[in-house]
Amino acid sequence: MIKPDAVANGHTGAILDDIIKGGFKIVALKYTSLSSAKAGEFYAVHAERPFYNDLVGFMSSGPIVAAILEKDNAIEDFRTLIGATDPSKADAGTIRNKYAKSIDANAIHGSDSDENAQIEGNFFFSAFERF
Ligand code: ATP
Ligand code: MG
């Protein structure tokens, strides 16, 4: 998911280009937004974390771009492409290094396991929206 900060700052096209050039196939793609209830549901695993309310507020603050991506070793390779959660610690050339300003507005989300990727894909897309 391209987060509201990156969409608002005009980085959607550049980020999609990095993803495609990184060897990921786009299976599904959608420009939409999350209500605070839907953002809370998406990040429910973090409900007990101190930053949860801020995270939900931020993720529902403006439009986002959701995608399902496919690649061998996708979870790990996408993590490498996006960089560390805190952009100040993200390697040069990573998406967060290039397009993110802070740990809460960090430009992009990546699923952390194959299992969560399935759940998160189903959260945004029906079977008819996948190619
Ligand atoms: P994401 O799940 O969004 O891809 P991540 O896997 O790198 O990010 P997580 O630990 O899953 O990081 O945290 C989810 C999101 O919560 C982060 O992307 C960030 O926006 C926010 N977050 C994480 N840690 C902090 C923190 N210490 N302070 C503020 N926000 C944080
Ligand atoms: Mg995560």
# chains A, B, ... in the order shown; residues from 1 in each chain; ligands from 1
>>> residues_around(residues="Glu41 (chain A)", least_positions_apart="6", cutoff="10 Å", atoms="only C-alpha atoms", output="ChimeraX atom specification")
/A:34-35,47,56,123
>>> closest_atom_pairs(of="chain A", to="ligand 2", cutoff="12 Å", atoms="only C-alpha atoms and all ligand atoms", output="CSV")
residue,atom,partner,partner_atom_place_in_ligand_line,distance
A:Met1,CA,ligand 2,1 (Mg),11.2
A:Phe42,CA,ligand 2,1 (Mg),10.7
A:Tyr43,CA,ligand 2,1 (Mg),8.6
A:Ala44,CA,ligand 2,1 (Mg),11.1
A:Val45,CA,ligand 2,1 (Mg),9.0
A:His46,CA,ligand 2,1 (Mg),8.8
A:Leu55,CA,ligand 2,1 (Mg),11.7
A:Ile75,CA,ligand 2,1 (Mg),11.0
A:Phe78,CA,ligand 2,1 (Mg),11.8
A:Arg79,CA,ligand 2,1 (Mg),9.7
A:Ile82,CA,ligand 2,1 (Mg),11.6
A:Gly83,CA,ligand 2,1 (Mg),11.8
A:Ala84,CA,ligand 2,1 (Mg),10.4
A:Thr85,CA,ligand 2,1 (Mg),8.2
A:Asp86,CA,ligand 2,1 (Mg),11.8
A:Ile103,CA,ligand 2,1 (Mg),12.0
A:Asp104,CA,ligand 2,1 (Mg),11.9
A:Asn106,CA,ligand 2,1 (Mg),11.4
A:Ile108,CA,ligand 2,1 (Mg),10.0
A:His109,CA,ligand 2,1 (Mg),6.8
A:Gly110,CA,ligand 2,1 (Mg),6.5
A:Ser111,CA,ligand 2,1 (Mg),6.3
A:Asp112,CA,ligand 2,1 (Mg),5.6
A:Ser113,CA,ligand 2,1 (Mg),9.3
A:Asn116,CA,ligand 2,1 (Mg),9.7
A:Ala117,CA,ligand 2,1 (Mg),10.8
A:Glu120,CA,ligand 2,1 (Mg),11.4
>>> closest_residue(among="A:Asp72, A:Glu48, A:Glu129, A:Asp54", to="ligand 1", atoms="only C-alpha atoms and all ligand atoms")
A:Asp54
>>> closest_residue(among="A:Val7, A:Ile119, A:Ala28, A:Ile15", to="Glu70 (chain A)", atoms="only C-alpha atoms")
A:Ala28
>>> closest_residue(among="A:Ala8, A:Leu69, A:Ile20, A:Ala90", to="ligand 1", atoms="only C-alpha atoms and all ligand atoms")
A:Ala90
>>> atom_distance(atom1="CA of Ser33 (chain A)", atom2="CA of Phe58 (chain A)")
11.2 Å
>>> closest_residue(among="A:Phe131, A:Ile68, A:Ala105, A:Ile95", to="Thr80 (chain A)", atoms="only C-alpha atoms")
A:Ile95
>>> select_by_dssp(residues="region 10-50 of chain A", states="helix (DSSP H, G or I)", output="number ranges by chain")
A: 12-21, 36-42, 44-46
>>> write_last_selection(atoms="N, CA and C atoms", output="PDB file, in the first residue's frame")
ATOM      1  N   THR A  12       3.257   8.689  -6.206  1.00  0.00           N
ATOM      2  CA  THR A  12       2.621   7.432  -6.613  1.00  0.00           C
ATOM      3  C   THR A  12       3.282   6.835  -7.857  1.00  0.00           C
ATOM      4  N   GLY A  13       3.439   7.645  -8.898  1.00  0.00           N
ATOM      5  CA  GLY A  13       3.998   7.132 -10.155  1.00  0.00           C
ATOM      6  C   GLY A  13       5.414   6.623  -9.979  1.00  0.00           C
ATOM      7  N   ALA A  14       6.244   7.382  -9.273  1.00  0.00           N
ATOM      8  CA  ALA A  14       7.648   6.988  -9.080  1.00  0.00           C
ATOM      9  C   ALA A  14       7.740   5.694  -8.276  1.00  0.00           C
ATOM     10  N   ILE A  15       6.890   5.550  -7.270  1.00  0.00           N
ATOM     11  CA  ILE A  15       6.925   4.346  -6.435  1.00  0.00           C
ATOM     12  C   ILE A  15       6.467   3.124  -7.249  1.00  0.00           C
ATOM     13  N   LEU A  16       5.399   3.280  -8.029  1.00  0.00           N
ATOM     14  CA  LEU A  16       4.958   2.157  -8.868  1.00  0.00           C
ATOM     15  C   LEU A  16       6.057   1.779  -9.861  1.00  0.00           C
ATOM     16  N   ASP A  17       6.758   2.775 -10.382  1.00  0.00           N
ATOM     17  CA  ASP A  17       7.858   2.509 -11.312  1.00  0.00           C
ATOM     18  C   ASP A  17       8.977   1.717 -10.614  1.00  0.00           C
ATOM     19  N   ASP A  18       9.329   2.109  -9.401  1.00  0.00           N
ATOM     20  CA  ASP A  18      10.346   1.370  -8.639  1.00  0.00           C
ATOM     21  C   ASP A  18       9.913  -0.075  -8.408  1.00  0.00           C
ATOM     22  N   ILE A  19       8.623  -0.264  -8.101  1.00  0.00           N
ATOM     23  CA  ILE A  19       8.097  -1.606  -7.826  1.00  0.00           C
ATOM     24  C   ILE A  19       8.187  -2.475  -9.087  1.00  0.00           C
ATOM     25  N   ILE A  20       7.768  -1.909 -10.217  1.00  0.00           N
ATOM     26  CA  ILE A  20       7.806  -2.666 -11.474  1.00  0.00           C
ATOM     27  C   ILE A  20       9.249  -2.963 -11.870  1.00  0.00           C
ATOM     28  N   LYS A  21      10.125  -1.944 -11.768  1.00  0.00           N
ATOM     29  CA  LYS A  21      11.536  -2.151 -12.118  1.00  0.00           C
ATOM     30  C   LYS A  21      12.213  -3.134 -11.157  1.00  0.00           C
ATOM     31  N   SER A  36     -11.504   5.499   9.322  1.00  0.00           N
ATOM     32  CA  SER A  36     -10.724   5.134  10.508  1.00  0.00           C
ATOM     33  C   SER A  36     -11.061   3.720  10.973  1.00  0.00           C
ATOM     34  N   ALA A  37     -12.305   3.293  10.793  1.00  0.00           N
ATOM     35  CA  ALA A  37     -12.671   1.921  11.183  1.00  0.00           C
ATOM     36  C   ALA A  37     -11.912   0.897  10.329  1.00  0.00           C
ATOM     37  N   LYS A  38     -11.849   1.144   9.016  1.00  0.00           N
ATOM     38  CA  LYS A  38     -11.140   0.200   8.136  1.00  0.00           C
ATOM     39  C   LYS A  38      -9.630   0.226   8.395  1.00  0.00           C
ATOM     40  N   ALA A  39      -9.072   1.405   8.652  1.00  0.00           N
ATOM     41  CA  ALA A  39      -7.637   1.491   8.972  1.00  0.00           C
ATOM     42  C   ALA A  39      -7.343   0.757  10.281  1.00  0.00           C
ATOM     43  N   GLY A  40      -8.256   0.878  11.241  1.00  0.00           N
ATOM     44  CA  GLY A  40      -8.091   0.173  12.519  1.00  0.00           C
ATOM     45  C   GLY A  40      -8.110  -1.332  12.334  1.00  0.00           C
ATOM     46  N   GLU A  41      -8.976  -1.779  11.438  1.00  0.00           N
ATOM     47  CA  GLU A  41      -9.075  -3.211  11.135  1.00  0.00           C
ATOM     48  C   GLU A  41      -7.792  -3.690  10.424  1.00  0.00           C
ATOM     49  N   PHE A  42      -7.326  -2.906   9.471  1.00  0.00           N
ATOM     50  CA  PHE A  42      -6.125  -3.286   8.719  1.00  0.00           C
ATOM     51  C   PHE A  42      -4.922  -3.444   9.651  1.00  0.00           C
ATOM     52  N   ALA A  44      -4.996  -3.974  12.945  1.00  0.00           N
ATOM     53  CA  ALA A  44      -5.430  -4.540  14.232  1.00  0.00           C
ATOM     54  C   ALA A  44      -4.298  -5.232  15.005  1.00  0.00           C
ATOM     55  N   VAL A  45      -3.321  -5.803  14.264  1.00  0.00           N
ATOM     56  CA  VAL A  45      -2.198  -6.472  14.956  1.00  0.00           C
ATOM     57  C   VAL A  45      -1.419  -5.504  15.837  1.00  0.00           C
ATOM     58  N   HIS A  46      -1.516  -4.202  15.544  1.00  0.00           N
ATOM     59  CA  HIS A  46      -0.775  -3.203  16.326  1.00  0.00           C
ATOM     60  C   HIS A  46      -1.647  -2.510  17.381  1.00  0.00           C
TER      61      HIS A  46
END
>>> residues_around(residues="region 4-6 of chain A", least_positions_apart="3", cutoff="6 Å", atoms="only C-alpha atoms", output="number ranges by chain")
A: 9, 11, 62-64, 105, 107
>>> select_by_dssp(residues="chain A", states="strand (DSSP E)", output="number ranges by chain")
A: 25-32, 64-70
>>> residues_around(residues="Lys30 (chain A)", least_positions_apart="5", cutoff="8 Å", atoms="only C-alpha atoms", output="PyMOL selection string")
chain A and resi 65-67
>>> write_last_selection(atoms="C-alpha atoms", output="compact mmCIF listing (two decimals), in the first residue's frame")
# COMPACT_ATOMS: atom_id res chain seq x y z
CA VAL A 65 -3.00 3.07 -3.42
CA ALA A 66 -3.49 -0.63 -2.65
CA ALA A 67 -1.81 -3.34 -4.68
>>> closest_residue(among="A:Lys98, A:Arg49, A:Lys71, A:Lys25", to="ligand 1", atoms="only C-alpha atoms and all ligand atoms")
A:Arg49
>>> decode(residues="region 98-116 of chain A", atoms="N, CA, C and O atoms", output="PDB file, in the first residue's frame")
ATOM      1  N   LYS A  98      13.935   7.366  -0.229  1.00  0.00           N
ATOM      2  CA  LYS A  98      13.714   8.395  -1.254  1.00  0.00           C
ATOM      3  C   LYS A  98      12.452   9.223  -1.012  1.00  0.00           C
ATOM      4  O   LYS A  98      12.427  10.414  -1.323  1.00  0.00           O
ATOM      5  N   TYR A  99      11.388   8.590  -0.477  1.00  0.00           N
ATOM      6  CA  TYR A  99      10.089   9.259  -0.494  1.00  0.00           C
ATOM      7  C   TYR A  99       9.449   9.470   0.883  1.00  0.00           C
ATOM      8  O   TYR A  99       8.373  10.080   0.948  1.00  0.00           O
ATOM      9  N   ALA A 100      10.047   8.966   1.966  1.00  0.00           N
ATOM     10  CA  ALA A 100       9.410   9.079   3.279  1.00  0.00           C
ATOM     11  C   ALA A 100      10.111  10.119   4.141  1.00  0.00           C
ATOM     12  O   ALA A 100      11.310  10.344   4.000  1.00  0.00           O
ATOM     13  N   LYS A 101       9.329  10.734   5.042  1.00  0.00           N
ATOM     14  CA  LYS A 101       9.869  11.815   5.871  1.00  0.00           C
ATOM     15  C   LYS A 101      10.040  11.403   7.329  1.00  0.00           C
ATOM     16  O   LYS A 101      10.869  11.976   8.034  1.00  0.00           O
ATOM     17  N   SER A 102       9.231  10.466   7.833  1.00  0.00           N
ATOM     18  CA  SER A 102       9.261  10.135   9.257  1.00  0.00           C
ATOM     19  C   SER A 102       8.771   8.709   9.475  1.00  0.00           C
ATOM     20  O   SER A 102       8.214   8.097   8.560  1.00  0.00           O
ATOM     21  N   ILE A 103       8.953   8.200  10.703  1.00  0.00           N
ATOM     22  CA  ILE A 103       8.562   6.810  10.990  1.00  0.00           C
ATOM     23  C   ILE A 103       7.047   6.630  10.895  1.00  0.00           C
ATOM     24  O   ILE A 103       6.571   5.547  10.543  1.00  0.00           O
ATOM     25  N   ASP A 104       6.271   7.662  11.170  1.00  0.00           N
ATOM     26  CA  ASP A 104       4.813   7.478  11.058  1.00  0.00           C
ATOM     27  C   ASP A 104       4.319   7.741   9.636  1.00  0.00           C
ATOM     28  O   ASP A 104       3.418   7.051   9.159  1.00  0.00           O
ATOM     29  N   ALA A 105       4.921   8.708   8.937  1.00  0.00           N
ATOM     30  CA  ALA A 105       4.553   8.948   7.532  1.00  0.00           C
ATOM     31  C   ALA A 105       5.657   8.349   6.670  1.00  0.00           C
ATOM     32  O   ALA A 105       6.533   9.053   6.175  1.00  0.00           O
ATOM     33  N   ASN A 106       5.617   7.021   6.514  1.00  0.00           N
ATOM     34  CA  ASN A 106       6.770   6.347   5.893  1.00  0.00           C
ATOM     35  C   ASN A 106       6.477   5.751   4.510  1.00  0.00           C
ATOM     36  O   ASN A 106       7.080   4.759   4.109  1.00  0.00           O
ATOM     37  N   ALA A 107       5.568   6.391   3.789  1.00  0.00           N
ATOM     38  CA  ALA A 107       5.379   6.228   2.341  1.00  0.00           C
ATOM     39  C   ALA A 107       4.740   4.927   1.870  1.00  0.00           C
ATOM     40  O   ALA A 107       3.998   4.926   0.891  1.00  0.00           O
ATOM     41  N   ILE A 108       5.052   3.823   2.527  1.00  0.00           N
ATOM     42  CA  ILE A 108       4.619   2.549   1.944  1.00  0.00           C
ATOM     43  C   ILE A 108       4.488   1.477   3.021  1.00  0.00           C
ATOM     44  O   ILE A 108       5.176   1.524   4.049  1.00  0.00           O
ATOM     45  N   HIS A 109       3.586   0.545   2.776  1.00  0.00           N
ATOM     46  CA  HIS A 109       3.407  -0.633   3.634  1.00  0.00           C
ATOM     47  C   HIS A 109       3.695  -1.886   2.819  1.00  0.00           C
ATOM     48  O   HIS A 109       3.318  -1.957   1.651  1.00  0.00           O
ATOM     49  N   GLY A 110       4.350  -2.845   3.439  1.00  0.00           N
ATOM     50  CA  GLY A 110       4.520  -4.155   2.826  1.00  0.00           C
ATOM     51  C   GLY A 110       4.059  -5.237   3.780  1.00  0.00           C
ATOM     52  O   GLY A 110       4.291  -5.146   4.986  1.00  0.00           O
ATOM     53  N   SER A 111       3.405  -6.267   3.242  1.00  0.00           N
ATOM     54  CA  SER A 111       2.970  -7.389   4.082  1.00  0.00           C
ATOM     55  C   SER A 111       4.189  -8.071   4.698  1.00  0.00           C
ATOM     56  O   SER A 111       5.249  -8.124   4.076  1.00  0.00           O
ATOM     57  N   ASP A 112       4.017  -8.613   5.917  1.00  0.00           N
ATOM     58  CA  ASP A 112       5.178  -9.185   6.599  1.00  0.00           C
ATOM     59  C   ASP A 112       5.251 -10.714   6.529  1.00  0.00           C
ATOM     60  O   ASP A 112       6.173 -11.318   7.066  1.00  0.00           O
ATOM     61  N   SER A 113       4.276 -11.352   5.847  1.00  0.00           N
ATOM     62  CA  SER A 113       4.324 -12.815   5.666  1.00  0.00           C
ATOM     63  C   SER A 113       3.388 -13.178   4.527  1.00  0.00           C
ATOM     64  O   SER A 113       2.495 -12.388   4.172  1.00  0.00           O
ATOM     65  N   ASP A 114       3.564 -14.371   3.966  1.00  0.00           N
ATOM     66  CA  ASP A 114       2.655 -14.836   2.909  1.00  0.00           C
ATOM     67  C   ASP A 114       1.220 -14.898   3.429  1.00  0.00           C
ATOM     68  O   ASP A 114       0.280 -14.518   2.733  1.00  0.00           O
ATOM     69  N   GLU A 115       1.073 -15.336   4.672  1.00  0.00           N
ATOM     70  CA  GLU A 115      -0.260 -15.456   5.268  1.00  0.00           C
ATOM     71  C   GLU A 115      -0.929 -14.077   5.373  1.00  0.00           C
ATOM     72  O   GLU A 115      -2.091 -13.902   4.984  1.00  0.00           O
ATOM     73  N   ASN A 116      -0.195 -13.080   5.880  1.00  0.00           N
ATOM     74  CA  ASN A 116      -0.782 -11.733   5.980  1.00  0.00           C
ATOM     75  C   ASN A 116      -0.999 -11.098   4.607  1.00  0.00           C
ATOM     76  O   ASN A 116      -1.922 -10.301   4.434  1.00  0.00           O
TER      77      ASN A 116
END
